[in-house]
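To keep things clear, I will list the structure first and then write my remarks on it.
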Amino acid sequence: MIATLLPTYSRAPLTFEKGEGAWLIEADGRRFLDLGAGIAVNALGHANPDLVEALTQQAGQLWHTSNLYEIPQQQALADKLVANTFADTVFFTNSGTESCELAVKMARKYFYEKGAPERVEIITFSGSFHGRSSAGIAAAGSEKMTKGFGPLLPGFVHLDFGDLEALKSAINENTCAILVEPVQGEGGIRPLPDAVMKEIRALCDAQGILLILDEVQCGVGRTGKLFAHEWAGITPDIMMVAKGIGGGFPLGAVLATENAASGMTAGTHGSTYGGNPLACAVGSKVMDIVADPAFLDEVSRKAGFMRQKLEGLVASHPDIFEEVRGTGLMLGLKCKVACGNVVSAGYGAEVIVVPAADDVVRLLPPLTITDEEITEAIARLDRAATALAAA
Ligand SMILES: Cc1ncc(COP(=O)(O)O)c(C=O)c1O
C-alpha cells in the first residue's frame, strides 16, 4: 500500500524536534551538528533570534493580503535587493523552481517584445539543477530528472559543463539566453572559474543574448560575497534567488535589469503567495544581516578555516576522500566511496552532510557557524570516516 506521504523521498530515520544555530536536536535528545542547513536554506542558523522576532512580530500583525494591494514589506525587501545588487527590479516567488519559471518566461518575452520571437533557446550546462517543474527539468535535461515526464518543454540546449568552445558554436539566431549556476550545487559543488564566467558574459554581450544566473543555492552570502557572480566581476541580466534569502521561510526572487525585464508588463506574471508579508519581513531581516560587508568578510574567513581543516581530513582518510571542492561555505568532499555511505556514517557521528551528484557530499553550514563548531564538525567527520573505513 502506498504511504500516506507520496514516496518521492527516501528519508533518513531522523526526526528533528528543535534547532539552535548550527545544531539540530533529535527526538531522542541527540545533538547533531548541521552542515546541511536544510540544503543551504538556514543561512543564519536555526531559530535565529532576529528572524524569530521579525516573523512573530509580522505574524501578530498581518499574514496575507494579495498582490492586488501594496505590500510594504515586499517593497522594502525589493529596495534592499536593488540597492545591493545589479538589479533594477525584483519579483518575489516562494521557491527556486518558481524563480526558474519566471526567469525563462522573462528571457523569452524579452525577445518576443523586441521583435525576435524565434529567439527561444536557452543554453545550459550538464550537471545543472534548476528545480522540478516542467521548465526546471527541461533546463537540466538529465535522464534522471526527465525520464517519464515527457513531452518536455522545448527550447533547451545542453552542453558539457564549462565547455566554452561548444558554447560559442551553439549560439545561433534562435538563442535567447545562457542559464548557469556560478557554483553547481546538486551537480557536485562545481564552481565555474571566474575566467569562464567572464567569457560567458562577454559572449552574451557580443551576441546580444541574456545571461541568467541561478544563484538559488550559491547566493545570499554563501560564497562570501552577497552573490557568487561578484567574484568574477560580472553581472547577469536575470538572476534566480531562493533558499538563503528566506533563512528557512519559503521565499524566492527573480532579480533583473530594467532592460531584461522590459517585456514583463502588468498581467504577464503573478503569484498568490509570492512576496507575502511574512516571507518578506523575514527576508528583509536576512538582507540586513547578510549584506553587511563585515558579515561577508567573516563568512570568507571561516570558509578559509574550514577548508584548511577539510584538507587535513582528506589527507587523513585517503581511502574515503579524494579532494575538497567549492568556494566559501559552499564546500564539497569528493568521495572515493559511495557518498550515501559517508552521509550515513555522518549520522552515526551526529554530523549532517548532504549528498550530491558525482559522489560528493556537500557541506553548507549556516553562515553563522562558529570556529569551535567547525572544529567539532571536522572531528565528527573524522570519526565518521574512521568508522566507515573500519566497516
Ligand atoms: C541551483 C538551484 N536552482 C533551483 C533549485 C530549486 O529550488 P526549490 O527547491 O526551492 O524549488 C535548487 C534547489 O535545490 C537549486 O539548488
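Labels for the C-alpha cells follow display order: chains A, B, ..., residues from 1 in each chain, ligands from 1.
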Would you please extract all strand (DSSP E) residues from stretch 78-290 of chain A, as assigned by DSSP on the backbone, and give them as number ranges by chain? A: 89-93, 121-125, 156-159, 175-180, 183-184, 190-191, 210-214, 238-241, 252-256
For ligand 1, list the contacting residues at 10 Å or closer, counting only C-alpha atoms and all ligand atoms, as a PyMOL selection string. chain A and resi 38-41+93-101+128-133+136+140+180-187+213-219+240-244+250-252
Selected residue, from A:Ala266, A:Ala87, A:Ile200, A:Leu55, that lies nearest to A:Thr124 when counting only C-alpha atoms: A:Ile200
Name all residues at most 6 Å from A:Leu364 (count only C-alpha atoms; drop same-chain ones fewer than 3 positions away) and give them as a PyMOL selection string. chain A and resi 35-36+40+329-330
Dump as a CSV table (one decimal), in the first residue's frame, selection limited to N, CA and C atoms:
chain,number,residue,atom,x,y,z
A,35,LEU,N,25.7,20.6,9.0
A,35,LEU,CA,26.4,21.1,7.9
A,35,LEU,C,25.6,21.1,6.6
A,36,GLY,N,24.3,20.9,6.8
A,36,GLY,CA,23.4,20.9,5.6
A,36,GLY,C,22.6,22.2,5.5
A,40,ALA,N,21.3,24.5,2.3
A,40,ALA,CA,21.7,25.9,2.1
A,40,ALA,C,20.6,26.9,2.3
A,329,LEU,N,31.4,29.0,2.0
A,329,LEU,CA,30.9,28.0,2.9
A,329,LEU,C,29.9,27.1,2.0
A,330,MET,N,30.3,26.9,0.7
A,330,MET,CA,29.7,26.0,-0.2
A,330,MET,C,30.7,25.0,-0.6
Contacts of A:Lys198 at 7 Å (only C-alpha atoms; same-chain gap of 4+ positions) as a PyMOL selection string: chain A and resi 194+202+232+234
Go ahead and dump the residues you just picked, N, CA and C atoms, as a tab-separated table (two decimals), in the first residue's frame.
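Output (selection-v9.tsv):
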chain	number	residue	atom	x	y	z
A	194	ASP	N	36.24	31.91	-12.60
A	194	ASP	CA	35.93	33.32	-12.90
A	194	ASP	C	36.16	33.64	-14.37
A	202	ALA	N	30.88	37.93	-21.76
A	202	ALA	CA	31.34	38.60	-22.99
A	202	ALA	C	30.61	38.02	-24.20
A	232	ALA	N	33.56	37.11	-9.95
A	232	ALA	CA	34.08	37.19	-11.32
A	232	ALA	C	34.01	38.62	-11.86
A	234	ILE	N	31.42	40.27	-12.76
A	234	ILE	CA	30.43	40.42	-13.83
A	234	ILE	C	29.04	40.56	-13.21
Need the shell around A:Glu376: protein/DNA/RNA residues with any atom at most 12 Å away, counting only C-alpha atoms. Skip same-chain ones fewer than 2 positions apart. Format as number ranges by chain? A: 22-23, 32-35, 306, 309-310, 349-351, 369-374, 378-383
Okay, now the selection with C-alpha atoms, as an mmCIF file, in the first residue's frame?
data_model
loop_
_atom_site.group_PDB
_atom_site.id
_atom_site.type_symbol
_atom_site.label_atom_id
_atom_site.label_comp_id
_atom_site.auth_asym_id
_atom_site.auth_seq_id
_atom_site.Cartn_x
_atom_site.Cartn_y
_atom_site.Cartn_z
ATOM 1 C CA ALA A 22 24.155 25.152 13.816
ATOM 2 C CA TRP A 23 22.594 22.387 15.940
ATOM 3 C CA PHE A 32 23.622 16.864 15.537
ATOM 4 C CA LEU A 33 25.947 19.450 14.042
ATOM 5 C CA ASP A 34 24.161 20.638 10.938
ATOM 6 C CA LEU A 35 26.439 21.128 7.922
ATOM 7 C CA MET A 306 37.022 25.199 7.375
ATOM 8 C CA LYS A 309 40.599 21.651 8.269
ATOM 9 C CA LEU A 310 38.903 19.714 5.465
ATOM 10 C CA ALA A 349 28.802 10.542 14.295
ATOM 11 C CA GLU A 350 25.998 13.087 14.750
ATOM 12 C CA VAL A 351 27.037 15.406 11.945
ATOM 13 C CA ILE A 369 28.651 28.664 12.379
ATOM 14 C CA THR A 370 31.480 29.383 14.844
ATOM 15 C CA ASP A 371 35.142 28.313 14.657
ATOM 16 C CA GLU A 372 34.572 25.953 17.595
ATOM 17 C CA GLU A 373 31.633 24.359 15.789
ATOM 18 C CA ILE A 374 33.707 23.968 12.627
ATOM 19 C CA ILE A 378 35.565 18.112 11.415
ATOM 20 C CA ALA A 379 36.226 15.912 14.477
ATOM 21 C CA ARG A 380 32.836 14.275 13.907
ATOM 22 C CA LEU A 381 33.523 13.812 10.181
ATOM 23 C CA ASP A 382 36.860 12.258 11.152
ATOM 24 C CA ARG A 383 35.017 9.781 13.408
#
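Here atom CA of A:Ser126 and atom CA of A:Arg190 stand 11.0 Å from one another.
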Please indicate the distance in Å from atom CA of A:Gly246 to atom CA of A:Gly270, rounded to one decimal place. 19.3 Å
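Of the residues listed (A:Asn67, A:Leu44, A:Ala166, A:Gly304), A:Asn67 shows the shortest atom-to-atom separation from A:Gly267; distances use only C-alpha atoms.
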With a distance cut-off of 12 Å and only C-alpha atoms, select the neighbouring residues of A:Leu77, excluding the residue or stretch itself and same-chain residues fewer than 3 positions from it, and output the selection as an mmCIF file with N, CA and C atoms, in the first residue's frame.
data_model
loop_
_atom_site.group_PDB
_atom_site.id
_atom_site.type_symbol
_atom_site.label_atom_id
_atom_site.label_comp_id
_atom_site.auth_asym_id
_atom_site.auth_seq_id
_atom_site.Cartn_x
_atom_site.Cartn_y
_atom_site.Cartn_z
ATOM 1 N N ILE A 71 2.191 45.982 -0.700
ATOM 2 C CA ILE A 71 2.702 45.193 0.429
ATOM 3 C C ILE A 71 4.024 45.844 0.866
ATOM 4 N N PRO A 72 3.983 46.680 1.909
ATOM 5 C CA PRO A 72 5.180 47.461 2.256
ATOM 6 C C PRO A 72 6.409 46.599 2.551
ATOM 7 N N GLN A 73 6.197 45.428 3.170
ATOM 8 C CA GLN A 73 7.335 44.558 3.486
ATOM 9 C C GLN A 73 8.018 44.091 2.200
ATOM 10 N N GLN A 74 7.219 43.858 1.173
ATOM 11 C CA GLN A 74 7.742 43.408 -0.121
ATOM 12 C C GLN A 74 8.515 44.543 -0.791
ATOM 13 N N LYS A 80 15.927 46.875 -0.893
ATOM 14 C CA LYS A 80 17.233 46.431 -0.362
ATOM 15 C C LYS A 80 17.985 45.598 -1.394
ATOM 16 N N LEU A 81 17.273 44.725 -2.087
ATOM 17 C CA LEU A 81 17.933 43.882 -3.099
ATOM 18 C C LEU A 81 18.460 44.744 -4.245
ATOM 19 N N VAL A 82 17.662 45.710 -4.672
ATOM 20 C CA VAL A 82 18.100 46.587 -5.760
ATOM 21 C C VAL A 82 19.303 47.429 -5.312
ATOM 22 N N ALA A 83 19.256 47.921 -4.081
ATOM 23 C CA ALA A 83 20.354 48.775 -3.592
ATOM 24 C C ALA A 83 21.667 47.990 -3.486
ATOM 25 N N ASN A 84 21.576 46.689 -3.301
ATOM 26 C CA ASN A 84 22.787 45.896 -3.040
ATOM 27 C C ASN A 84 23.256 45.041 -4.210
ATOM 28 N N THR A 89 14.974 45.692 -10.659
ATOM 29 C CA THR A 89 13.612 45.301 -10.329
ATOM 30 C C THR A 89 13.583 43.854 -9.823
ATOM 31 N N VAL A 90 12.577 43.529 -9.010
ATOM 32 C CA VAL A 90 12.508 42.223 -8.340
ATOM 33 C C VAL A 90 11.076 41.694 -8.381
ATOM 34 N N PHE A 91 10.935 40.378 -8.622
ATOM 35 C CA PHE A 91 9.635 39.713 -8.450
ATOM 36 C C PHE A 91 9.826 38.629 -7.394
ATOM 37 N N PHE A 92 8.908 38.539 -6.444
ATOM 38 C CA PHE A 92 9.072 37.542 -5.379
ATOM 39 C C PHE A 92 8.271 36.274 -5.661
ATOM 40 N N ILE A 245 17.682 33.365 1.125
ATOM 41 C CA ILE A 245 17.039 34.682 1.249
ATOM 42 C C ILE A 245 15.912 34.674 2.286
ATOM 43 N N GLY A 246 15.281 33.499 2.487
ATOM 44 C CA GLY A 246 14.204 33.412 3.480
ATOM 45 C C GLY A 246 14.682 32.850 4.811
ATOM 46 N N LEU A 251 10.778 31.546 0.460
ATOM 47 C CA LEU A 251 10.869 32.817 -0.254
ATOM 48 C C LEU A 251 11.866 32.681 -1.390
ATOM 49 N N GLY A 252 11.481 33.170 -2.542
ATOM 50 C CA GLY A 252 12.391 33.226 -3.679
ATOM 51 C C GLY A 252 12.232 34.558 -4.370
ATOM 52 N N ALA A 253 13.106 34.810 -5.330
ATOM 53 C CA ALA A 253 13.009 36.085 -6.055
ATOM 54 C C ALA A 253 13.673 35.945 -7.414
ATOM 55 N N LEU A 255 15.613 38.613 -9.834
ATOM 56 C CA LEU A 255 16.154 39.963 -9.933
ATOM 57 C C LEU A 255 16.511 40.201 -11.401
ATOM 58 N N GLY A 275 5.971 36.928 -2.218
ATOM 59 C CA GLY A 275 6.171 38.243 -1.615
ATOM 60 C C GLY A 275 5.185 38.576 -0.531
ATOM 61 N N ASN A 276 4.643 37.552 0.136
ATOM 62 C CA ASN A 276 3.668 37.849 1.201
ATOM 63 C C ASN A 276 4.360 38.480 2.411
ATOM 64 N N PRO A 277 3.602 39.169 3.256
ATOM 65 C CA PRO A 277 4.226 39.941 4.342
ATOM 66 C C PRO A 277 5.116 39.109 5.268
ATOM 67 N N LEU A 278 4.719 37.863 5.571
ATOM 68 C CA LEU A 278 5.535 37.041 6.481
ATOM 69 C C LEU A 278 6.911 36.777 5.873
ATOM 70 N N ALA A 279 6.910 36.283 4.629
ATOM 71 C CA ALA A 279 8.178 35.939 3.967
ATOM 72 C C ALA A 279 9.062 37.173 3.830
ATOM 73 N N CYS A 280 8.460 38.283 3.446
ATOM 74 C CA CYS A 280 9.272 39.474 3.192
ATOM 75 C C CYS A 280 9.777 40.124 4.479
ATOM 76 N N ALA A 281 9.017 39.996 5.574
ATOM 77 C CA ALA A 281 9.522 40.510 6.855
ATOM 78 C C ALA A 281 10.788 39.746 7.233
ATOM 79 N N VAL A 282 10.774 38.430 7.039
ATOM 80 C CA VAL A 282 11.959 37.613 7.353
ATOM 81 C C VAL A 282 13.083 37.926 6.364
ATOM 82 N N GLY A 283 12.746 37.955 5.062
ATOM 83 C CA GLY A 283 13.765 38.209 4.039
ATOM 84 C C GLY A 283 14.464 39.543 4.244
ATOM 85 N N SER A 284 13.718 40.537 4.666
ATOM 86 C CA SER A 284 14.298 41.862 4.922
ATOM 87 C C SER A 284 15.342 41.801 6.028
ATOM 88 N N LYS A 285 15.015 41.051 7.063
ATOM 89 C CA LYS A 285 15.961 40.908 8.187
ATOM 90 C C LYS A 285 17.191 40.125 7.731
ATOM 91 N N VAL A 286 16.975 39.079 6.936
ATOM 92 C CA VAL A 286 18.117 38.324 6.402
ATOM 93 C C VAL A 286 19.038 39.275 5.635
ATOM 94 N N MET A 287 18.467 40.105 4.776
ATOM 95 C CA MET A 287 19.287 41.031 3.982
ATOM 96 C C MET A 287 20.035 42.017 4.872
ATOM 97 N N ASP A 288 19.376 42.534 5.920
ATOM 98 C CA ASP A 288 20.046 43.484 6.824
ATOM 99 C C ASP A 288 21.321 42.859 7.382
#
Need to verify the contact set: A:Asp297, 12 Å, only C-alpha atoms, exclusion of same-chain residues closer than 3 positions in sequence. Can you return it as number ranges by chain? A: 221-226, 290-294, 300-304, 328-329, 367-368
